[in-house]
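K.L.:
Below is the file start28.txt, which contains compact mmCIF, C-alpha atoms.
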# COMPACT_ATOMS: atom_id res chain seq x y z
CA MET S 20 90.44 124.72 85.51
CA SER S 21 91.34 121.05 85.73
CA ILE S 22 94.88 119.89 86.42
CA LYS S 23 96.18 116.71 84.86
CA ILE S 24 98.99 115.04 86.75
CA ASP S 25 101.66 114.07 84.24
CA LEU S 26 104.80 112.38 85.55
CA SER S 27 106.27 111.61 82.13
CA GLY S 28 110.04 111.78 82.23
CA LYS S 29 110.13 111.23 86.01
CA THR S 30 111.59 108.24 87.79
CA ALA S 31 109.94 107.03 90.99
CA LEU S 32 110.98 104.46 93.55
CA VAL S 33 108.41 102.77 95.79
CA THR S 34 109.48 100.70 98.80
CA GLY S 35 107.40 97.85 100.15
CA ALA S 36 105.90 97.59 96.67
CA SER S 37 105.43 93.83 96.47
CA GLY S 38 101.81 94.04 97.59
CA GLY S 39 99.17 96.06 99.41
CA LEU S 40 99.36 99.85 99.29
CA GLY S 41 102.89 99.85 97.86
CA ARG S 42 101.86 97.80 94.84
CA HIS S 43 98.95 100.16 94.25
CA PHE S 44 101.16 103.25 94.60
CA ALA S 45 103.52 101.83 91.98
CA HIS S 46 100.64 101.31 89.56
CA THR S 47 99.28 104.81 90.25
CA LEU S 48 102.62 106.47 89.48
CA ALA S 49 103.11 104.37 86.35
CA LYS S 50 99.65 105.30 85.05
CA ALA S 51 100.61 108.95 85.51
CA GLY S 52 103.62 108.40 83.23
CA ALA S 53 106.50 107.77 85.64
CA GLN S 54 109.03 104.99 85.22
CA VAL S 55 108.90 103.08 88.45
CA ALA S 56 111.48 101.13 90.43
CA ILE S 57 109.63 98.46 92.42
CA ALA S 58 111.54 97.81 95.65
CA ALA S 59 110.92 95.13 98.28
CA ARG S 60 112.56 92.07 99.81
CA ARG S 61 110.59 89.43 97.87
CA ALA S 62 112.07 89.16 94.38
CA ASP S 63 109.27 86.93 93.08
CA LYS S 64 106.51 89.29 94.17
CA ILE S 65 108.12 92.46 92.84
CA ALA S 66 108.71 90.71 89.53
CA ASN S 67 104.95 90.15 89.34
CA VAL S 68 104.25 93.86 89.92
CA VAL S 69 106.75 94.80 87.20
CA SER S 70 105.00 92.45 84.79
CA GLU S 71 101.61 93.98 85.62
CA ILE S 72 102.86 97.49 84.94
CA LYS S 73 104.51 96.48 81.68
CA LEU S 74 101.31 94.77 80.52
CA SER S 75 99.52 98.09 81.14
CA GLY S 76 102.01 99.92 78.93
CA GLY S 77 104.22 101.34 81.67
CA ARG S 78 107.91 100.98 82.38
CA ALA S 79 109.14 99.40 85.61
CA ILE S 80 112.10 97.51 87.03
CA ALA S 81 112.44 95.22 90.03
CA LEU S 82 114.85 96.04 92.86
CA THR S 83 115.50 93.73 95.78
CA MET S 84 115.82 96.00 98.81
CA ASP S 85 115.78 95.57 102.58
CA VAL S 86 115.15 99.03 104.02
CA VAL S 87 116.86 98.21 107.32
CA ASP S 88 120.12 97.37 105.53
CA ARG S 89 121.87 100.55 104.41
CA ASP S 90 124.05 98.74 101.87
CA SER S 91 120.94 97.16 100.35
CA VAL S 92 119.28 100.57 100.08
CA ALA S 93 122.33 102.17 98.46
CA GLY S 94 122.71 99.28 96.04
CA ALA S 95 119.06 99.48 94.97
CA PHE S 96 119.30 103.23 94.35
CA GLU S 97 122.43 102.74 92.28
CA ALA S 98 120.72 100.01 90.23
CA ALA S 99 117.75 102.32 89.65
CA TYR S 100 120.08 105.10 88.53
CA GLN S 101 121.93 102.83 86.11
CA GLN S 102 118.73 101.52 84.52
CA LEU S 103 116.33 104.48 84.72
CA GLY S 104 118.35 107.56 85.58
CA PRO S 105 118.09 109.77 88.70
CA VAL S 106 115.24 108.93 91.06
CA THR S 107 113.39 112.11 92.03
CA ILE S 108 110.13 110.71 93.42
CA ILE S 109 110.26 108.46 96.49
CA VAL S 110 107.29 106.72 98.09
CA ASN S 111 108.62 105.51 101.44
CA ASN S 112 106.02 102.82 102.08
CA ALA S 113 107.74 99.74 103.57
CA GLY S 114 106.34 98.89 106.99
CA ILE S 115 105.10 96.19 109.37
CA SER S 116 102.53 96.25 112.16
CA GLY S 117 103.32 94.41 115.42
CA ARG S 118 100.19 93.92 117.50
CA GLY S 119 100.00 93.11 121.19
CA SER S 120 99.46 94.39 124.71
CA ALA S 121 102.14 96.81 125.91
CA LEU S 122 102.52 94.76 129.12
CA LYS S 123 103.29 91.59 127.19
CA LEU S 124 104.92 92.95 124.05
CA ASP S 125 108.07 91.07 123.06
CA GLU S 126 111.19 93.23 122.75
CA GLU S 127 112.05 91.66 119.41
CA ILE S 128 108.69 92.71 117.95
CA PHE S 129 109.23 96.27 119.19
CA ASP S 130 112.71 96.40 117.67
CA ASP S 131 111.58 94.94 114.34
CA VAL S 132 108.75 97.45 113.96
CA MET S 133 110.88 100.44 114.89
CA SER S 134 113.73 99.30 112.65
CA THR S 135 111.51 98.83 109.60
CA ASN S 136 109.00 101.63 110.05
CA LEU S 137 111.28 104.37 111.35
CA LYS S 138 114.92 103.59 110.65
CA GLY S 139 113.96 102.10 107.27
CA VAL S 140 112.20 105.32 106.27
CA TRP S 141 115.26 107.28 107.38
CA ASN S 142 117.66 105.05 105.43
CA VAL S 143 115.70 105.50 102.21
CA ALA S 144 115.03 109.21 102.70
CA GLN S 145 118.67 110.04 103.45
CA GLU S 146 119.96 108.03 100.50
CA ALA S 147 117.46 109.76 98.21
CA GLY S 148 118.26 113.19 99.63
CA GLN S 149 122.02 112.77 99.33
CA ARG S 150 121.73 111.63 95.73
CA MET S 151 119.40 114.45 94.72
CA VAL S 152 121.60 117.10 96.36
CA SER S 153 124.81 115.76 94.82
CA GLY S 154 123.14 115.50 91.41
CA GLY S 155 121.54 118.93 91.61
CA GLN S 156 118.01 117.53 91.18
CA HIS S 157 114.88 118.70 92.93
CA GLY S 158 112.43 116.04 93.97
CA SER S 159 109.64 114.80 96.19
CA ILE S 160 109.73 112.31 99.05
CA VAL S 161 106.37 110.99 100.22
CA ASN S 162 106.59 109.11 103.50
CA ILE S 163 103.70 106.82 104.35
CA ALA S 164 102.71 107.57 107.94
CA SER S 165 99.34 106.71 109.49
CA ILE S 166 96.59 108.36 111.46
CA LEU S 167 97.96 106.25 114.33
CA GLY S 168 100.97 108.55 114.25
CA LEU S 169 98.53 111.35 115.10
CA ARG S 170 96.09 109.57 117.39
CA ILE S 171 96.37 106.37 119.40
CA ALA S 172 94.83 102.92 119.61
CA LYS S 173 95.36 100.13 122.10
CA GLY S 174 97.43 97.13 121.13
CA LEU S 175 99.61 98.86 118.55
CA LEU S 176 102.25 100.61 120.62
CA PRO S 177 105.34 100.07 118.41
CA TYR S 178 103.40 100.81 115.23
CA ALA S 179 101.91 104.04 116.61
CA VAL S 180 105.25 105.19 118.04
CA SER S 181 107.07 104.45 114.78
CA LYS S 182 104.50 106.32 112.69
CA ALA S 183 104.62 109.30 115.08
CA GLY S 184 108.36 109.26 114.46
CA VAL S 185 107.75 109.29 110.70
CA VAL S 186 105.51 112.35 111.13
CA GLN S 187 108.22 114.27 112.98
CA MET S 188 110.97 113.06 110.65
CA THR S 189 108.95 114.30 107.68
CA LYS S 190 108.71 117.79 109.16
CA VAL S 191 112.41 118.00 110.07
CA LEU S 192 113.56 116.80 106.65
CA ALA S 193 111.16 119.19 104.93
CA LEU S 194 112.63 122.09 106.91
CA GLU S 195 116.25 121.11 106.27
CA TRP S 196 115.93 120.15 102.61
CA ALA S 197 113.67 122.92 101.31
CA GLN S 198 116.81 124.88 100.44
CA HIS S 199 117.72 122.06 98.04
CA SER S 200 114.27 122.08 96.38
CA ILE S 201 113.48 118.69 97.88
CA ARG S 202 109.94 118.47 99.20
CA VAL S 203 109.18 116.00 102.00
CA ASN S 204 105.56 115.25 102.86
CA ALA S 205 103.61 112.36 104.34
CA LEU S 206 100.36 110.59 103.68
CA ALA S 207 98.57 109.46 106.84
CA PRO S 208 96.07 106.84 105.73
CA GLY S 209 93.23 105.82 107.97
CA TYR S 210 91.85 102.31 107.80
CA PHE S 211 92.36 100.65 104.42
CA ILE S 212 91.98 96.89 104.18
CA THR S 213 95.29 95.19 103.34
CA ASP S 214 96.78 91.76 104.00
CA LEU S 215 98.36 93.18 107.17
CA ASN S 216 95.08 94.23 108.81
CA ARG S 217 92.33 92.27 107.05
CA ASP S 218 91.71 89.79 109.88
CA PHE S 219 91.59 92.57 112.47
CA LEU S 220 89.25 94.84 110.50
CA GLU S 221 86.91 91.94 109.85
CA SER S 222 86.82 91.08 113.55
CA GLU S 223 84.17 92.36 115.95
CA HIS S 224 86.52 94.98 117.40
CA GLY S 225 87.58 96.06 113.91
CA GLN S 226 83.98 96.51 112.85
CA GLU S 227 83.39 98.66 115.95
CA ILE S 228 86.26 100.94 114.89
CA ILE S 229 84.89 101.23 111.35
CA GLY S 230 81.54 102.20 112.83
CA ARG S 231 83.20 105.19 114.52
CA ILE S 232 84.61 106.57 111.26
CA PRO S 233 82.39 109.52 110.21
CA GLN S 234 82.04 108.13 106.67
CA ARG S 235 81.24 104.71 108.20
CA ARG S 236 83.55 102.81 105.88
CA THR S 237 87.15 101.84 105.32
CA GLY S 238 89.01 103.62 102.56
CA ASN S 239 88.87 102.49 98.97
CA ILE S 240 92.45 102.11 97.78
CA HIS S 241 91.79 104.59 94.95
CA ASP S 242 90.98 107.24 97.58
CA LEU S 243 94.77 107.55 97.96
CA ASP S 244 95.49 108.22 94.28
CA GLY S 245 94.79 111.95 94.23
CA PRO S 246 96.64 112.75 97.46
CA LEU S 247 99.65 110.68 96.39
CA LEU S 248 99.89 112.30 92.96
CA LEU S 249 99.45 115.77 94.44
CA LEU S 250 102.38 115.31 96.81
CA ALA S 251 104.55 113.48 94.28
CA SER S 252 104.11 115.91 91.40
CA ASP S 253 104.67 119.57 90.64
CA ALA S 254 100.96 120.11 91.32
CA GLY S 255 102.09 120.23 94.97
CA ALA S 256 105.19 122.31 94.29
CA TYR S 257 104.50 124.71 97.19
CA MET S 258 103.74 121.96 99.70
CA THR S 259 106.38 120.60 102.04
CA GLY S 260 106.25 119.37 105.63
CA VAL S 261 102.58 118.49 105.14
CA ILE S 262 101.02 115.50 106.90
CA MET S 263 97.95 114.67 104.83
CA PRO S 264 95.32 112.46 106.51
CA VAL S 265 93.18 110.34 104.19
CA ASP S 266 90.86 108.80 106.74
CA GLY S 267 87.17 109.48 106.09
CA GLY S 268 87.17 112.06 108.89
CA HIS S 269 88.46 109.69 111.56
CA LEU S 270 90.88 112.22 113.06
CA ILE S 271 88.16 114.80 113.63
CA SER S 272 85.86 112.30 115.28
CA SER S 273 85.69 112.50 119.07
CA VAL S 274 84.39 108.94 119.50
Could I get this file's structure written as structure tokens?

P.N.:
Amino acid sequence: MSIKIDLSGKTALVTGASGGLGRHFAHTLAKAGAQVAIAARRADKIANVVSEIKLSGGRAIALTMDVVDRDSVAGAFEAAYQQLGPVTIIVNNAGISGRGSALKLDEEIFDDVMSTNLKGVWNVAQEAGQRMVSGGQHGSIVNIASILGLRIAKGLLPYAVSKAGVVQMTKVLALEWAQHSIRVNALAPGYFITDLNRDFLESEHGQEIIGRIPQRRTGNIHDLDGPLLLLASDAGAYMTGVIMPVDGGHLISSV
């Protein structure tokens, strides 16, 4: 029996949706029938994503949001509610990297990564949770973690620590909010080429890492579509607190 994911009548909000994985997640949800609020700091870029979705027959709006600013987050959610109705699907995707040796890492870089990748996820998740509980809606929050929240790599200390925090936050929120019919899960992508990591993955060291992935390749962005839609939709209605790696087997590799 095949299952078709249909998000018609649902409203989704995707953070960090001006490009990269976030932009793709927004398109994926729109193709499944959801109306999508495109949230990011760059107004010009999110306007482009909205135009793309509308040209494909979907419905989307642009929301300027800085996930580290709680007032900005609340204002964006309120704007989404006024224009599209209650948001019941959240893709908590906004994030930055921050590369460097732990001995030489600048404190400002550490703070910026932790603020965006961990506190930003918390700000969005709590705002979404409070609104769903007060409105009596059930919903799904999908946090975007990383396999580096589950295993380590040199030179990415703040990123790995922040994503490990997202993993634990996902589990705690899932436990606390299950009673409200709010599911909280996380995708943990492996290596997917984006603007943030392209130069690294194309470097000699990056190619060595790719060679250690059991499938011997980076992920195709469409490899995330099925896992995202499963966690976002009622097809995953009995799943909460799940950390779902999408990594070509990288986590089970011992090399």

K.L.:
Measuring atom to atom with all atoms listed in the file, identify which of S:Gly114, S:Gly168, S:Gly158, S:Gly174 is nearest to Trp196 (chain S).

P.N.:
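Smallest distance to Trp196 (chain S) is found for S:Gly158.
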
K.L.:
Of the candidates S:Ser134, S:Ser159, S:Thr107, S:Asn216, which one gets nearest to Thr189 (chain S) if we count all atoms listed in the file?

P.N.:
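Using all atoms listed in the file, the shortest distance to Thr189 (chain S) belongs to S:Ser159.
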
K.L.:
Quick one: pull the distance between CA of Ser200 (chain S) and CA of Gln156 (chain S), Å, one decimal.

P.N.:
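Atom-to-atom, CA of Ser200 (chain S) and CA of Gln156 (chain S) are spaced 7.9 Å apart.
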
K.L.:
I'd like to know which of S:Ile201, S:Asp25, S:Ile166, S:Leu40 is closest to Asn239 (chain S), using only C-alpha atoms.

P.N.:
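Comparing S:Ile201, S:Asp25, S:Ile166, S:Leu40 against Asn239 (chain S), the winner is S:Leu40.
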
K.L.:
CA of Gly255 (chain S) and CA of Met84 (chain S), how far apart in Å?

P.N.:
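Separating CA of Met84 (chain S) from CA of Gly255 (chain S) is a distance of 28.1 Å.
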
K.L.:
Rank nothing, just name the residue among S:Ile72, S:Leu176, S:Ala205, S:Ala62 nearest to Leu48 (chain S), using all atoms listed in the file.

P.N.:
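Residue with the minimum atom-to-atom distance to Leu48 (chain S): S:Ile72.
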
K.L.:
Given the choices S:Ser70, S:Ser116, S:Ser75, S:Gln54, which gets closest to Leu175 (chain S) if the distance is worked out from only C-alpha atoms?

P.N.:
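Ranked by minimum distance to Leu175 (chain S), first place goes to S:Ser116.
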
K.L.:
Quick one: distance from CA of Phe219 (chain S) to CA of His269 (chain S) in Å, one decimal?

P.N.:
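Spanning CA of Phe219 (chain S) to CA of His269 (chain S) is a straight-line distance of 17.4 Å.
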
K.L.:
For a quick check of understanding, using all atoms listed in the file, which of S:Ser153, S:Thr213, S:Asn142, S:Thr259 has the smallest distance to Thr34 (chain S)?

P.N.:
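Under the stated criterion, the closest residue is S:Asn142.
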
K.L.:
Which neighbours of Asn204 (chain S) fall inside 7 Å, counting all atoms listed in the file, when residues of the same chain fewer than 6 positions from it are skipped, and could you give them as a PyMOL selection string?

P.N.:
chain S and resi 160-162+189+250+259-262

K.L.:
Dig up all the protein and nucleic acid residues within 12 Å of (99.1, 97.4, 98.3) in the file frame, using all atoms listed in the file, and format them as a ChimeraX atom specification.

P.N.:
/S:33-47,64-65,68,112-114,211-216,239-241,243

K.L.:
Would you mind exporting C-alpha atoms of the selected residues as a CSV table (one decimal), in the frame of the given file?

P.N.:
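This went into selection-v9.csv:
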chain,number,residue,atom,x,y,z
S,33,VAL,CA,108.4,102.8,95.8
S,34,THR,CA,109.5,100.7,98.8
S,35,GLY,CA,107.4,97.8,100.2
S,36,ALA,CA,105.9,97.6,96.7
S,37,SER,CA,105.4,93.8,96.5
S,38,GLY,CA,101.8,94.0,97.6
S,39,GLY,CA,99.2,96.1,99.4
S,40,LEU,CA,99.4,99.8,99.3
S,41,GLY,CA,102.9,99.8,97.9
S,42,ARG,CA,101.9,97.8,94.8
S,43,HIS,CA,99.0,100.2,94.2
S,44,PHE,CA,101.2,103.2,94.6
S,45,ALA,CA,103.5,101.8,92.0
S,46,HIS,CA,100.6,101.3,89.6
S,47,THR,CA,99.3,104.8,90.2
S,64,LYS,CA,106.5,89.3,94.2
S,65,ILE,CA,108.1,92.5,92.8
S,68,VAL,CA,104.2,93.9,89.9
S,112,ASN,CA,106.0,102.8,102.1
S,113,ALA,CA,107.7,99.7,103.6
S,114,GLY,CA,106.3,98.9,107.0
S,211,PHE,CA,92.4,100.6,104.4
S,212,ILE,CA,92.0,96.9,104.2
S,213,THR,CA,95.3,95.2,103.3
S,214,ASP,CA,96.8,91.8,104.0
S,215,LEU,CA,98.4,93.2,107.2
S,216,ASN,CA,95.1,94.2,108.8
S,239,ASN,CA,88.9,102.5,99.0
S,240,ILE,CA,92.4,102.1,97.8
S,241,HIS,CA,91.8,104.6,95.0
S,243,LEU,CA,94.8,107.6,98.0

K.L.:
Taking 4 positions as the minimum chain separation for residues in the same chain, which residues sit within 10 Å of Ser165 (chain S) when counting all atoms listed in the file? Answer as a list of chain:residue names.

P.N.:
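What passes the distance filter is S:Leu169, S:Arg170, S:Tyr178, S:Ala179, S:Ser181, S:Lys182, S:Ala183, S:Val185, S:Val186, S:Ala205, S:Leu206, S:Ala207, S:Pro208, S:Gly209, S:Tyr210, S:Ile262, S:Met263, S:Pro264, S:Val265, S:Asp266.
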
K.L.:
Near Gln234 (chain S), within 10 Å and counting only C-alpha atoms, which residues show up once chain neighbours fewer than 3 positions away are dropped, as number ranges by chain?

P.N.:
S: 229-231, 237-238, 266-269

K.L.:
When you look at Tyr100 (chain S) with a cut-off of 10 Å (counting all atoms listed in the file), what residues show up, excluding the ones that are within fewer than 6 positions of it in the same chain? I need them as a list in words.

P.N.:
Thr30, Ala56, Gly94, Val106 and Arg150 of chain S

K.L.:
With a distance cut-off of 12 Å and all atoms listed in the file, select the neighbouring residues of Ser91 (chain S), excluding the residue or stretch itself and same-chain residues fewer than 2 positions from it, and output the selection as a list in words.

P.N.:
Ala58, Ala59, Arg60, Leu82, Thr83, Met84, Asp85, Val86, Val87, Asp88, Arg89, Ala93, Gly94, Ala95, Phe96, Glu97, Ala98, Gly139, Asn142, Val143 and Glu146 of chain S

K.L.:
For region 220-237 of chain S, I'd like the enclosing box, axis-aligned and padded by 6 Å on every side, reported as JSON with centre and edge lengths in Å to one decimal.

P.N.:
{"center_x": 85.2, "center_y": 100.3, "center_z": 111.4, "size_x": 20.0, "size_y": 30.4, "size_z": 24.1}

K.L.:
Mind writing region 135-183 of chain S to a file for me, with C-alpha atoms, as an mmCIF file, in the first residue's frame?

P.N.:
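Full text of selection-v5.cif as output:
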data_model
loop_
_atom_site.group_PDB
_atom_site.id
_atom_site.type_symbol
_atom_site.label_atom_id
_atom_site.label_comp_id
_atom_site.auth_asym_id
_atom_site.auth_seq_id
_atom_site.Cartn_x
_atom_site.Cartn_y
_atom_site.Cartn_z
ATOM 1 C CA THR S 135 21.767 31.039 16.050
ATOM 2 C CA ASN S 136 21.911 27.248 16.040
ATOM 3 C CA LEU S 137 20.720 26.532 19.569
ATOM 4 C CA LYS S 138 18.988 29.540 21.092
ATOM 5 C CA GLY S 139 17.414 30.353 17.715
ATOM 6 C CA VAL S 140 15.920 26.865 17.487
ATOM 7 C CA TRP S 141 14.606 27.258 21.034
ATOM 8 C CA ASN S 142 13.075 30.671 20.315
ATOM 9 C CA VAL S 143 11.176 29.362 17.303
ATOM 10 C CA ALA S 144 10.150 26.074 18.917
ATOM 11 C CA GLN S 145 8.824 27.726 22.083
ATOM 12 C CA GLU S 146 6.882 30.358 20.148
ATOM 13 C CA ALA S 147 5.359 27.643 17.970
ATOM 14 C CA GLY S 148 4.571 25.426 20.950
ATOM 15 C CA GLN S 149 2.942 28.198 22.960
ATOM 16 C CA ARG S 150 0.758 29.207 20.040
ATOM 17 C CA MET S 151 -0.329 25.654 19.258
ATOM 18 C CA VAL S 152 -1.179 24.924 22.900
ATOM 19 C CA SER S 153 -3.135 28.150 23.379
ATOM 20 C CA GLY S 154 -4.984 27.579 20.099
ATOM 21 C CA GLY S 155 -5.713 23.925 20.804
ATOM 22 C CA GLN S 156 -3.922 22.752 17.643
ATOM 23 C CA HIS S 157 -1.760 19.683 17.274
ATOM 24 C CA GLY S 158 1.302 20.015 15.112
ATOM 25 C CA SER S 159 4.781 18.945 14.114
ATOM 26 C CA ILE S 160 8.122 20.631 14.760
ATOM 27 C CA VAL S 161 11.055 19.357 12.718
ATOM 28 C CA ASN S 162 14.391 20.625 13.995
ATOM 29 C CA ILE S 163 17.321 20.412 11.608
ATOM 30 C CA ALA S 164 20.208 18.879 13.531
ATOM 31 C CA SER S 165 23.237 17.210 11.933
ATOM 32 C CA ILE S 166 25.196 14.001 12.173
ATOM 33 C CA LEU S 167 27.825 16.222 13.811
ATOM 34 C CA GLY S 168 25.444 16.430 16.751
ATOM 35 C CA LEU S 169 25.872 12.654 17.033
ATOM 36 C CA ARG S 170 29.507 12.222 16.050
ATOM 37 C CA ILE S 171 32.420 14.641 15.962
ATOM 38 C CA ALA S 172 34.802 16.242 13.496
ATOM 39 C CA LYS S 173 37.805 18.474 14.060
ATOM 40 C CA GLY S 174 37.531 22.168 13.375
ATOM 41 C CA LEU S 175 33.797 22.500 13.985
ATOM 42 C CA LEU S 176 33.512 22.696 17.763
ATOM 43 C CA PRO S 177 30.724 25.300 18.112
ATOM 44 C CA TYR S 178 28.708 23.779 15.276
ATOM 45 C CA ALA S 179 28.950 20.243 16.685
ATOM 46 C CA VAL S 180 28.141 21.402 20.223
ATOM 47 C CA SER S 181 25.156 23.433 19.035
ATOM 48 C CA LYS S 182 23.748 20.545 17.001
ATOM 49 C CA ALA S 183 24.217 18.151 19.933
#
